[in-house]
Number of protein chains: 2
Amino acid sequence: MTSIDPALLDRFAAIVGEAHALRAEADTSPYGQEPRGLWTGRTPLVLKPGSVDEVSRILALATETRTPVVPQGGNTGLVGGQVPHAAANEIVVSLSRLNRVREIDPLSNTVTVEAGVVLEALHRAIDAADRMFPLSLASQGSCQIGGNLSSNAGGTAVLAYGNTRELCLGVEVVLPTGEVFDDLRKLKKDNTGYDLKNLFVGAEGTLGIITAAVLKIFPKPRGREVGWAGVASPEAALALFGVATELAGSNLTGFELIGKTPLDFSLRFTDNAVPPLSGEWPWHVLIEISSGRSPEDARSLIETILTEGIEKGFAGDAAIAESLAHANAFWALRENISEAQKPEGASIKHDISVPVASVPEFIARAAVAVEAVSPGARVVCFGHMGDGNLHYNISQPVGADPKAFLDLYRPMNKAVHDIVRDLNGSISAEHGIGQLKRDELLATAPAVGIDLMRRVKAAFDPAGIMNPGKVL
Amino acid sequence: MTSIDPALLDRFAAIVGEAHALRAEADTSPYGQEPRGLWTGRTPLVLKPGSVDEVSRILALATETRTPVVPQGGNTGLVGGQVPHAAANEIVVSLSRLNRVREIDPLSNTVTVEAGVVLEALHRAIDAADRMFPLSLASQGSCQIGGNLSSNAGGTAVLAYGNTRELCLGVEVVLPTGEVFDDLRKLKKDNTGYDLKNLFVGAEGTLGIITAAVLKIFPKPRGREVGWAGVASPEAALALFGVATELAGSNLTGFELIGKTPLDFSLRFTDNAVPPLSGEWPWHVLIEISSGRSPEDARSLIETILTEGIEKGFAGDAAIAESLAHANAFWALRENISEAQKPEGASIKHDISVPVASVPEFIARAAVAVEAVSPGARVVCFGHMGDGNLHYNISQPVGADPKAFLDLYRPMNKAVHDIVRDLNGSISAEHGIGQLKRDELLATAPAVGIDLMRRVKAAFDPAGIMNPGKVL
């Protein structure tokens with residue numbers, strides 16, 4: 001099945017030991033499946049190194065023998081960046097055994113963590129140190145830090161804390177040659193040369209393998225409040241966001257825009273769901289406030305925001321969660337949207353961002369474009385308004401044929417992405433390029449930028465062994 | 001005086017027009033002088049392009065003819081990165097005429113600004129739009145945005161807002177080939193390939209010329225308070241910082257550590273200076289709080305911090321500025337320290353950072369090392385404690401010979417920097433490498449990192465025309 005010499009596979013397996021080298025189809029096939037089933041990859045060998053040194057020897061041998069390598073974390077990526085191609089000519093390197101939290105430094109507010117640590121496990125470790133790590137994703141029960149870094153994961157807390165890139169102070173990377181780049185620094189300020197760290201973060205495993213990182217952690221907020229507002233339009237939501245930002249600054253830890261359609265889907269889907277507001281609103285906003293001072297302070301801040309928002313006419317109605325359970329119920333309506341689309345039939349999804357000021361224009365123009373491609377299709381628009389990042393998903397028209405709707409995948413993507421590009425936005429705000437958007441990136445991104453990326457790739461991975469066919 | 005062919009100089013001058021091409025020694029010499037007079041550079045030609053296209057044609061010709069180019073902004077850099085070498089074989093490109101604020105977008109909270117805009121002029125423009133740009137430096141009256149970006153400038157607001165790198169969302173860069181890399185994006189989230197922006201930010205003009213950038217701006221705080229605390233030790237200051245961080249989060253917009261010696265210097269130097277506290281303290285902390293809510297909110301927050309700090313025994317005494325003038329007086333004592341060192345004689349300065357938790361250990365060990373190199377030398381230690389960034393300056397012993405003290409420059413640097421390296425810190429937290437620290441960087445930084453930087457340099461500037469002999 002593979003063109004890789006069995007004797008070479010033995011040499012790779014010897015590095016980690018047979019117990020950590022998977023070869024049987026039954027053992028390796030899960031590493032070729034990805035969450036949405038868009039690709040089925042195959043590999044003759046999955047290696048599970050137990051040390052940075054083993055990763056180093058694997059890549060040195062891979063470069064020496066020109067053997068392509070696909071690094072894999074929790075395998076939760078949505079663009080096919082973490083799975084091998086179907087030809088079975090790549091070796092998968094799973095980082096899952098590099099799962100130590102090396103050090104928690106509560107005075108510097110940093111954690112030094114290995115790539116294979118599951119995000120939720122990191123949350124628990126940090127919580128035990130009376131700190132918090134803000135990165136939070138739907139897949140946090142299985143995604144790993146190495147994958148979070150390689151995909152520069154986003155999530156709902158980006159508004160206040162930044163993307164994974166902003167949460168990372170230093171990295172340890174094994175280069176394709178096997179050399180180890182140890183840049184595990186805890187420094188907030190360091191102007192000693194080029195910013196190499198940020199090249200590896202978000203490179204989707206095409207420049208090397210991140211084996212560990214120094215991440216920022218934060219004191220736990222003493223107060224947290226969640227509110228819900230009904231608004232008349234995206235413009236009103238944007239104005240409300242302006243009020244919230246001015247008042248709360250980075251105490252504003254969540255500002256999620258939710259259209260009526262996704263809310264209706266989520267209310268239908270969620271057990272015992274209760275509408276947050278009595279009236280009907282075309283658009284909704286979920287607001288979360290955190291305070292380092294006290295619960296009362298968080299309460300007064302969210303009350304001030306919603307009161308000022310209503311007084312200025314930006315919000316029509318608002319409610320504040322009266323308990324933790326109530327707050328979680330608000331969040332569940334937001335978090336369940338993706339799942340709630342499934343019973344509604346086939347869907348075509350987009351992960352886009354535009355300048356915050358352009359969100360209303362994007363929503364208006366995209367609705368027209370979607371209707372033109374598929375009359376009656378239901379726009380499921382929700383996301384992180386404060387980041388200009390929308391999950392712009394389209395569910396099939398009621399009663400339509402799912403297959404026929406999915407056949408519109410490319411024209412629908414083009415219609416939506418053309419508007420994104422026109423607004424100088426991004427066709428992949430959170431999920432990366434991987435295999436899914438590679439051709440579109442190469443076809444539509446400015447040639448100068450693509451050329452610079454190719455120069456970086458050639459300079460760092462001259463043998464071209466790192467995750468070939470991904471990103472570039 | 002120069003080895004560059006006069007006919008070639010004419011070709012360069014023709015691009016910008018003779019009126020914007022300086023050749024007379026009297027006109028060009030200021031571009032070879034830098035603030036501290038450590039180097040005297042010379043150039044046969046200073047070009048002042050008036051458009052991105054002219055910058056592009058200059059670099060294209062420079063690459064074609066292998067002519068070295070030194071980009072220069074406000075010429076306020078402290079490591080010699082912005083001045084040509086003495087041999088007069090480099091052309092200086094001044095960005096000062098690219099000084100337009102292209103767009104202020106208050107809804108997206110972004111400004112699109114050209115490289116030659118003076119920082120203080122940007123402050124005024126943003127202020128007029130009822131927003132603020134947090135980057136603030138002693139040299140803001142003359143430093144330019146292009147230089148701020150190329151040196152990844154820091155300053156006192158990094159604690160809450162990050163370095164210039166974190167304040168930059170997108171860049172427009174002219175590459176050595178003359179190609180224009182237009183990445184002027186306003187996006188908070190964009191995962192479409194490698195992070196090229198952060199390679200150019202902080203590259204000190206060695207990879208290309210940044211001609212414009214999209215920067216983050218922020219709503220003006222409604223309340224601001226400045227406080228002063230006397231503490232018994234750096235450990236106590238660190239504990240107080242922990243309290244302030246937990247309570248205020250990014251409402252903590254300043255936390256400056258100041259030793260007794262620099263405070264005494266500053267009190268002697270500053271007209272009508274009044275000690276902030278009645279008692280004597282070995283260490284002092286200046287705290288600034290900003291609030292988006294109200295002046296009362298800022299007041300109550302700083303009172304809570306100082307009260308909790310005193311109750312827990314971290315602060316011995318504290319005062320809150322009772323007026324804007326009073327607040328400015330507190331800040332003046334901090335800002336005047338560098339100037340206040342001059343009447344005290346010769347000084348040897350360091351711009352270092354260590355993990356925040358290691359600040360006390362650094363201070364303790366460095367004091368011993370300094371005394372060993374120059375008995376009686378006075379340690380002028382102050383800086384941005386929250387960033388682990390100290391301006392660790394040494395003033396000569398009272399009555400000593402300045403020349404003899406300055407002869408200790410290298411052993412003093414080595415003694416201090418050896419401790420920094422031992423603590424996994426940075427020998428240039430804010431000011432960059434330039435010429436000043438190039439040899440030390442190459443001699444002491446991990447070889448793998450230097451090799452990666454060289455690969456980037458070779459990939460982006462194969463002709464080696466961009467600011468040669470700086471950084472690498």
# chains A, B, ... in the order shown; residues from 1 in each chain; ligands from 1
$ residues_around --residues "Gly116 of chain B" --least-positions-apart "4" --cutoff "12 Å" --atoms "only C-alpha atoms" --output "ChimeraX atom specification"
/B:48-52,71-75,93-102,120-122,142-149,209-213
$ write_last_selection --atoms "N, CA, C and O atoms" --output "short mmCIF file (atom, residue, chain, number, x, y, z; two decimals), in the first residue's frame"
data_model
loop_
_atom_site.label_atom_id
_atom_site.label_comp_id
_atom_site.auth_asym_id
_atom_site.auth_seq_id
_atom_site.Cartn_x
_atom_site.Cartn_y
_atom_site.Cartn_z
N LYS B 48 14.70 61.18 0.27
CA LYS B 48 13.44 61.38 0.99
C LYS B 48 12.27 61.11 0.06
O LYS B 48 11.67 62.05 -0.48
N PRO B 49 11.92 59.83 -0.13
CA PRO B 49 10.84 59.50 -1.05
C PRO B 49 9.51 60.07 -0.58
O PRO B 49 9.27 60.19 0.62
N GLY B 50 8.68 60.43 -1.54
CA GLY B 50 7.38 61.02 -1.23
C GLY B 50 6.22 60.07 -1.47
O GLY B 50 5.06 60.45 -1.30
N SER B 51 6.53 58.84 -1.87
CA SER B 51 5.47 57.87 -2.14
C SER B 51 6.01 56.45 -1.98
O SER B 51 7.23 56.24 -2.02
N VAL B 52 5.10 55.51 -1.81
CA VAL B 52 5.48 54.11 -1.71
C VAL B 52 6.15 53.67 -3.01
O VAL B 52 7.12 52.92 -3.02
N PRO B 71 17.40 52.37 6.16
CA PRO B 71 16.15 53.11 6.39
C PRO B 71 16.26 53.90 7.68
O PRO B 71 16.86 53.44 8.65
N GLN B 72 15.69 55.11 7.68
CA GLN B 72 15.74 55.92 8.89
C GLN B 72 14.41 56.64 9.14
O GLN B 72 13.80 57.15 8.21
N GLY B 73 13.96 56.61 10.38
CA GLY B 73 12.76 57.33 10.77
C GLY B 73 13.14 58.60 11.50
O GLY B 73 13.80 59.47 10.95
N GLY B 74 12.76 58.67 12.78
CA GLY B 74 13.05 59.88 13.57
C GLY B 74 14.46 59.93 14.11
O GLY B 74 14.83 60.88 14.79
N ASN B 75 15.24 58.90 13.82
CA ASN B 75 16.64 58.83 14.27
C ASN B 75 16.76 58.98 15.78
O ASN B 75 17.61 59.72 16.29
N VAL B 93 17.68 56.11 3.43
CA VAL B 93 16.32 56.40 2.96
C VAL B 93 15.52 56.89 4.15
O VAL B 93 15.23 56.13 5.07
N SER B 94 15.19 58.18 4.14
CA SER B 94 14.40 58.77 5.22
C SER B 94 12.92 58.67 4.85
O SER B 94 12.51 59.08 3.76
N LEU B 95 12.13 58.15 5.78
CA LEU B 95 10.69 57.96 5.52
C LEU B 95 9.87 59.19 5.92
O LEU B 95 8.63 59.16 5.86
N SER B 96 10.54 60.26 6.31
CA SER B 96 9.83 61.39 6.96
C SER B 96 8.75 62.03 6.10
O SER B 96 7.82 62.63 6.62
N ARG B 97 8.86 61.89 4.78
CA ARG B 97 7.83 62.51 3.94
C ARG B 97 6.60 61.62 3.76
O ARG B 97 5.55 62.10 3.29
N LEU B 98 6.71 60.37 4.15
CA LEU B 98 5.51 59.50 4.13
C LEU B 98 4.82 59.68 5.47
O LEU B 98 4.93 58.84 6.36
N ASN B 99 4.13 60.80 5.61
CA ASN B 99 3.63 61.18 6.94
C ASN B 99 2.13 61.42 6.98
O ASN B 99 1.66 62.28 7.71
N ARG B 100 1.40 60.64 6.19
CA ARG B 100 -0.06 60.79 6.22
C ARG B 100 -0.70 59.79 7.17
O ARG B 100 -0.29 58.63 7.23
N VAL B 101 -1.70 60.25 7.90
CA VAL B 101 -2.60 59.34 8.59
C VAL B 101 -3.67 58.99 7.56
O VAL B 101 -4.52 59.82 7.24
N ARG B 102 -3.60 57.81 7.00
CA ARG B 102 -4.46 57.49 5.85
C ARG B 102 -5.92 57.35 6.24
O ARG B 102 -6.81 57.78 5.52
N GLU B 120 3.96 61.60 18.31
CA GLU B 120 3.13 62.62 18.98
C GLU B 120 2.06 63.16 18.04
O GLU B 120 0.94 63.45 18.47
N ALA B 121 2.39 63.27 16.76
CA ALA B 121 1.39 63.73 15.79
C ALA B 121 0.27 62.70 15.66
O ALA B 121 -0.91 63.05 15.53
N LEU B 122 0.63 61.43 15.75
CA LEU B 122 -0.40 60.39 15.71
C LEU B 122 -1.28 60.48 16.96
O LEU B 122 -2.51 60.39 16.86
N SER B 142 9.70 63.15 18.40
CA SER B 142 10.47 63.06 17.15
C SER B 142 10.51 61.65 16.56
O SER B 142 10.70 61.50 15.35
N CYS B 143 10.28 60.61 17.36
CA CYS B 143 10.34 59.26 16.78
C CYS B 143 9.16 59.07 15.83
O CYS B 143 8.12 59.71 15.96
N GLN B 144 9.36 58.19 14.86
CA GLN B 144 8.33 57.96 13.84
C GLN B 144 7.80 56.54 13.92
O GLN B 144 8.49 55.62 14.36
N ILE B 145 6.57 56.36 13.43
CA ILE B 145 5.89 55.07 13.51
C ILE B 145 6.69 53.95 12.84
O ILE B 145 6.78 52.84 13.37
N GLY B 146 7.32 54.26 11.72
CA GLY B 146 8.12 53.24 11.04
C GLY B 146 9.24 52.71 11.92
O GLY B 146 9.51 51.51 11.97
N GLY B 147 9.87 53.63 12.65
CA GLY B 147 10.92 53.24 13.58
C GLY B 147 10.36 52.51 14.78
O GLY B 147 10.94 51.53 15.25
N ASN B 148 9.21 52.96 15.25
CA ASN B 148 8.56 52.27 16.38
C ASN B 148 8.27 50.82 16.00
O ASN B 148 8.49 49.91 16.81
N LEU B 149 7.81 50.61 14.77
CA LEU B 149 7.49 49.26 14.31
C LEU B 149 8.76 48.44 14.09
O LEU B 149 8.87 47.30 14.52
N ILE B 209 11.40 47.70 3.94
CA ILE B 209 11.04 48.99 4.53
C ILE B 209 9.53 49.03 4.76
O ILE B 209 8.74 48.93 3.80
N ILE B 210 9.14 49.15 6.02
CA ILE B 210 7.73 49.30 6.35
C ILE B 210 7.31 50.72 5.95
O ILE B 210 7.92 51.69 6.40
N THR B 211 6.31 50.81 5.07
CA THR B 211 5.88 52.14 4.62
C THR B 211 4.56 52.58 5.26
O THR B 211 4.24 53.78 5.27
N ALA B 212 3.79 51.62 5.76
CA ALA B 212 2.54 51.97 6.44
C ALA B 212 2.09 50.78 7.30
O ALA B 212 2.60 49.67 7.13
N ALA B 213 1.16 51.06 8.21
CA ALA B 213 0.67 50.00 9.09
C ALA B 213 -0.74 50.30 9.56
O ALA B 213 -1.17 51.46 9.58
#
$ select_by_dssp --residues "segment 130-275 of chain B" --states "alpha helix (DSSP H)" --output "PyMOL selection string"
chain B and resi 145-150+158-161+164-167+197-200+234-248+260-269
$ write_last_selection --atoms "N, CA and C atoms" --output "short mmCIF file (atom, residue, chain, number, x, y, z; two decimals), in the first residue's frame"
data_model
loop_
_atom_site.label_atom_id
_atom_site.label_comp_id
_atom_site.auth_asym_id
_atom_site.auth_seq_id
_atom_site.Cartn_x
_atom_site.Cartn_y
_atom_site.Cartn_z
N ILE B 145 6.57 56.36 13.43
CA ILE B 145 5.89 55.07 13.51
C ILE B 145 6.69 53.95 12.84
N GLY B 146 7.32 54.26 11.72
CA GLY B 146 8.12 53.24 11.04
C GLY B 146 9.24 52.71 11.92
N GLY B 147 9.87 53.63 12.65
CA GLY B 147 10.92 53.24 13.58
C GLY B 147 10.36 52.51 14.78
N ASN B 148 9.21 52.96 15.25
CA ASN B 148 8.56 52.27 16.38
C ASN B 148 8.27 50.82 16.00
N LEU B 149 7.81 50.61 14.77
CA LEU B 149 7.49 49.26 14.31
C LEU B 149 8.76 48.44 14.09
N SER B 150 9.74 49.06 13.44
CA SER B 150 10.96 48.32 13.12
C SER B 150 11.75 47.94 14.36
N VAL B 158 3.03 49.02 27.94
CA VAL B 158 3.09 47.63 27.45
C VAL B 158 2.31 46.70 28.37
N LEU B 159 2.38 47.00 29.65
CA LEU B 159 1.70 46.19 30.67
C LEU B 159 0.26 45.89 30.28
N ALA B 160 -0.45 46.93 29.84
CA ALA B 160 -1.87 46.77 29.52
C ALA B 160 -2.12 46.56 28.03
N TYR B 161 -1.30 47.16 27.19
CA TYR B 161 -1.60 47.18 25.76
C TYR B 161 -0.63 46.39 24.89
N THR B 164 4.69 47.40 20.55
CA THR B 164 4.21 47.87 19.26
C THR B 164 3.74 46.71 18.39
N ARG B 165 4.42 45.58 18.52
CA ARG B 165 4.02 44.38 17.74
C ARG B 165 2.56 44.02 18.02
N GLU B 166 2.18 44.03 19.29
CA GLU B 166 0.79 43.67 19.65
C GLU B 166 -0.19 44.76 19.22
N LEU B 167 0.31 45.97 19.01
CA LEU B 167 -0.56 47.07 18.61
C LEU B 167 -0.74 47.14 17.10
N LYS B 197 3.77 39.43 9.01
CA LYS B 197 3.78 40.77 9.62
C LYS B 197 4.81 40.87 10.74
N ASN B 198 4.79 39.87 11.64
CA ASN B 198 5.66 39.95 12.80
C ASN B 198 7.13 39.73 12.49
N LEU B 199 7.42 39.28 11.26
CA LEU B 199 8.83 39.20 10.86
C LEU B 199 9.37 40.60 10.58
N PHE B 200 8.55 41.43 9.93
CA PHE B 200 9.00 42.78 9.58
C PHE B 200 9.01 43.69 10.81
N PRO B 234 12.26 44.45 46.50
CA PRO B 234 11.69 44.02 45.21
C PRO B 234 10.68 42.89 45.39
N GLU B 235 10.91 42.02 46.38
CA GLU B 235 9.94 40.95 46.64
C GLU B 235 8.58 41.53 47.02
N ALA B 236 8.61 42.56 47.86
CA ALA B 236 7.36 43.20 48.28
C ALA B 236 6.69 43.88 47.08
N ALA B 237 7.52 44.50 46.22
CA ALA B 237 6.97 45.14 45.03
C ALA B 237 6.30 44.11 44.12
N LEU B 238 6.93 42.94 44.03
CA LEU B 238 6.38 41.87 43.19
C LEU B 238 5.04 41.38 43.76
N ALA B 239 4.98 41.28 45.08
CA ALA B 239 3.73 40.85 45.71
C ALA B 239 2.63 41.90 45.50
N LEU B 240 3.02 43.17 45.59
CA LEU B 240 2.06 44.26 45.35
C LEU B 240 1.58 44.22 43.89
N PHE B 241 2.51 43.90 42.99
CA PHE B 241 2.13 43.78 41.58
C PHE B 241 1.09 42.66 41.40
N GLY B 242 1.29 41.57 42.15
CA GLY B 242 0.33 40.47 42.07
C GLY B 242 -1.06 40.90 42.48
N VAL B 243 -1.13 41.69 43.56
CA VAL B 243 -2.42 42.21 44.02
C VAL B 243 -3.04 43.12 42.96
N ALA B 244 -2.22 44.01 42.41
CA ALA B 244 -2.73 44.97 41.42
C ALA B 244 -3.22 44.27 40.16
N THR B 245 -2.47 43.26 39.74
CA THR B 245 -2.86 42.52 38.54
C THR B 245 -4.17 41.77 38.74
N GLU B 246 -4.29 41.13 39.90
CA GLU B 246 -5.50 40.36 40.14
C GLU B 246 -6.72 41.27 40.20
N LEU B 247 -6.59 42.42 40.85
CA LEU B 247 -7.72 43.31 41.00
C LEU B 247 -8.04 44.07 39.71
N ALA B 248 -7.01 44.55 39.04
CA ALA B 248 -7.22 45.50 37.95
C ALA B 248 -7.13 44.90 36.55
N LYS B 260 15.67 53.53 45.43
CA LYS B 260 15.89 54.77 46.19
C LYS B 260 16.90 55.67 45.48
N THR B 261 17.96 55.09 44.94
CA THR B 261 18.99 55.91 44.28
C THR B 261 18.43 56.71 43.11
N PRO B 262 17.76 56.04 42.14
CA PRO B 262 17.20 56.84 41.03
C PRO B 262 16.18 57.87 41.51
N LEU B 263 15.41 57.55 42.56
CA LEU B 263 14.46 58.56 43.06
C LEU B 263 15.21 59.75 43.63
N ASP B 264 16.26 59.48 44.39
CA ASP B 264 17.06 60.59 44.95
C ASP B 264 17.66 61.43 43.82
N PHE B 265 18.20 60.77 42.81
CA PHE B 265 18.73 61.50 41.65
C PHE B 265 17.65 62.40 41.06
N SER B 266 16.47 61.82 40.84
CA SER B 266 15.39 62.54 40.17
C SER B 266 14.89 63.70 41.03
N LEU B 267 14.84 63.50 42.33
CA LEU B 267 14.41 64.58 43.24
C LEU B 267 15.41 65.73 43.21
N ARG B 268 16.71 65.38 43.15
CA ARG B 268 17.74 66.42 43.06
C ARG B 268 17.63 67.19 41.74
N PHE B 269 17.30 66.43 40.67
CA PHE B 269 17.36 66.99 39.32
C PHE B 269 16.11 67.81 38.97
#
$ interface_residues --of "chain B" --to "chain A" --cutoff "7 Å" --atoms "only C-alpha atoms" --output "short mmCIF file (atom, residue, chain, number, x, y, z; two decimals) with C-alpha atoms, in the first residue's frame"
data_model
loop_
_atom_site.label_atom_id
_atom_site.label_comp_id
_atom_site.auth_asym_id
_atom_site.auth_seq_id
_atom_site.Cartn_x
_atom_site.Cartn_y
_atom_site.Cartn_z
CA LEU B 107 -15.76 51.57 14.76
CA SER B 108 -13.05 49.01 14.07
CA PHE B 181 3.78 43.49 0.23
CA ARG B 185 -5.48 44.38 7.25
CA LYS B 186 -7.71 45.41 10.13
CA LEU B 187 -8.38 41.84 11.21
CA LYS B 188 -8.23 40.57 14.78
CA LYS B 189 -8.40 37.02 13.48
CA ASP B 190 -6.80 35.75 10.29
CA ASN B 191 -5.36 32.24 9.93
CA THR B 192 -4.47 32.23 6.26
CA GLY B 193 -0.84 31.22 6.30
CA TYR B 194 2.40 32.24 7.99
CA ASP B 195 2.64 35.30 10.20
CA ASN B 198 5.66 39.95 12.80
CA LEU B 199 8.83 39.20 10.86
CA GLY B 202 11.19 44.34 15.02
CA ALA B 203 13.50 43.52 12.08
CA PRO B 219 -11.58 54.33 23.56
CA GLU B 246 -5.50 40.36 40.14
CA LEU B 247 -7.72 43.31 41.00
CA ALA B 248 -7.22 45.50 37.95
CA GLY B 249 -6.30 43.20 35.07
CA SER B 250 -5.61 45.48 32.12
CA GLY B 292 -13.51 53.07 30.98
CA ARG B 293 -16.34 53.61 33.45
CA SER B 353 14.22 41.73 30.92
CA VAL B 354 13.83 38.59 32.99
CA PRO B 355 10.80 36.51 33.98
CA VAL B 356 8.70 38.65 36.31
CA ALA B 357 9.23 36.18 39.15
CA ASP B 387 7.02 43.25 32.12
CA ASN B 389 11.87 44.86 32.12
CA ASN B 424 16.81 33.09 30.72
CA GLY B 425 16.21 36.78 30.18
CA SER B 426 16.87 39.24 27.37
CA SER B 428 17.67 43.90 24.87
CA ALA B 429 14.13 44.12 26.12
CA GLU B 430 13.13 47.32 24.36
CA HIS B 431 15.85 48.94 22.30
CA GLY B 432 16.80 46.22 19.86
CA ILE B 433 20.18 45.01 18.62
CA VAL B 448 20.02 27.39 16.03
CA GLY B 449 18.10 30.65 16.46
CA MET B 453 17.37 34.34 11.45
CA ARG B 455 17.91 31.87 6.70
CA VAL B 456 15.09 34.42 6.89
CA ALA B 459 15.39 34.41 1.84
CA VAL B 471 21.12 42.76 14.03
#
$ residues_around --residues "Asp317 of chain B" --least-positions-apart "3" --cutoff "8 Å" --atoms "only C-alpha atoms" --output "number ranges by chain"
B: 229-231, 277, 310
$ residues_around --residues "Phe405 of chain A" --least-positions-apart "6" --cutoff "9 Å" --atoms "only C-alpha atoms" --output "list in words"
Ala346, Ser347, Ile348, Ser374, Ala377, Ser395, Gln396 and Pro397 of chain A
$ closest_residue --among "A:Met385, A:Leu137, A:Val174, A:Val55" --to "Val16 of chain A" --atoms "only C-alpha atoms"
A:Val55
$ atom_distance --atom1 "atom CA of Ala115 of chain A" --atom2 "atom CA of Gly170 of chain B"
28.7 Å
$ select_by_dssp --residues "segment 293-399 of chain B" --states "strand (DSSP E)" --output "NGL selection string"
:B and (317-320 or 347-348 or 351-353 or 378-384 or 389-395)
$ closest_residue --among "B:Glu90, B:Glu64, B:Glu54, B:Asp130" --to "Arg42 of chain B" --atoms "only C-alpha atoms"
B:Glu90
$ decode --residues "segment 20-70 of chain A" --atoms "C-alpha atoms" --output "mmCIF file, in the first residue's frame"
data_model
loop_
_atom_site.group_PDB
_atom_site.id
_atom_site.type_symbol
_atom_site.label_atom_id
_atom_site.label_comp_id
_atom_site.auth_asym_id
_atom_site.auth_seq_id
_atom_site.Cartn_x
_atom_site.Cartn_y
_atom_site.Cartn_z
ATOM 1 C CA HIS A 20 4.788 3.142 20.256
ATOM 2 C CA ALA A 21 4.861 2.495 16.519
ATOM 3 C CA LEU A 22 1.470 1.631 15.006
ATOM 4 C CA ARG A 23 1.382 -0.208 11.686
ATOM 5 C CA ALA A 24 -1.788 -2.295 11.561
ATOM 6 C CA GLU A 25 -4.536 -0.714 9.454
ATOM 7 C CA ALA A 26 -6.934 -0.971 12.398
ATOM 8 C CA ASP A 27 -4.513 0.983 14.578
ATOM 9 C CA THR A 28 -3.468 3.590 12.045
ATOM 10 C CA SER A 29 -6.795 4.319 10.333
ATOM 11 C CA PRO A 30 -8.143 6.623 13.083
ATOM 12 C CA TYR A 31 -5.179 8.931 12.386
ATOM 13 C CA GLY A 32 -6.403 9.307 8.832
ATOM 14 C CA GLN A 33 -9.982 10.208 9.716
ATOM 15 C CA GLU A 34 -10.882 13.813 10.520
ATOM 16 C CA PRO A 35 -13.963 15.193 12.300
ATOM 17 C CA ARG A 36 -16.050 16.106 9.260
ATOM 18 C CA GLY A 37 -15.153 13.111 7.134
ATOM 19 C CA LEU A 38 -14.121 15.273 4.196
ATOM 20 C CA TRP A 39 -10.883 13.363 3.669
ATOM 21 C CA THR A 40 -9.751 9.842 4.372
ATOM 22 C CA GLY A 41 -6.006 9.689 4.819
ATOM 23 C CA ARG A 42 -3.851 6.622 5.106
ATOM 24 C CA THR A 43 -0.462 6.013 6.631
ATOM 25 C CA PRO A 44 1.817 2.984 6.932
ATOM 26 C CA LEU A 45 3.170 4.147 10.284
ATOM 27 C CA VAL A 46 2.116 6.217 13.252
ATOM 28 C CA LEU A 47 4.944 7.149 15.622
ATOM 29 C CA LYS A 48 4.309 8.187 19.205
ATOM 30 C CA PRO A 49 7.570 9.678 20.462
ATOM 31 C CA GLY A 50 8.005 9.910 24.226
ATOM 32 C CA SER A 51 10.625 12.643 24.274
ATOM 33 C CA VAL A 52 11.831 15.704 22.385
ATOM 34 C CA ASP A 53 14.956 13.732 21.533
ATOM 35 C CA GLU A 54 12.861 11.045 19.821
ATOM 36 C CA VAL A 55 11.023 13.716 17.822
ATOM 37 C CA SER A 56 14.410 15.109 16.858
ATOM 38 C CA ARG A 57 15.700 11.741 15.651
ATOM 39 C CA ILE A 58 12.482 11.094 13.708
ATOM 40 C CA LEU A 59 12.744 14.365 11.789
ATOM 41 C CA ALA A 60 16.481 14.005 11.205
ATOM 42 C CA LEU A 61 15.853 10.607 9.644
ATOM 43 C CA ALA A 62 12.895 11.970 7.689
ATOM 44 C CA THR A 63 15.004 14.748 6.207
ATOM 45 C CA GLU A 64 17.869 12.357 5.490
ATOM 46 C CA THR A 65 15.549 9.969 3.683
ATOM 47 C CA ARG A 66 13.149 12.573 2.256
ATOM 48 C CA THR A 67 10.230 10.930 4.066
ATOM 49 C CA PRO A 68 7.141 13.174 4.437
ATOM 50 C CA VAL A 69 5.900 13.629 8.009
ATOM 51 C CA VAL A 70 2.452 14.697 9.233
#
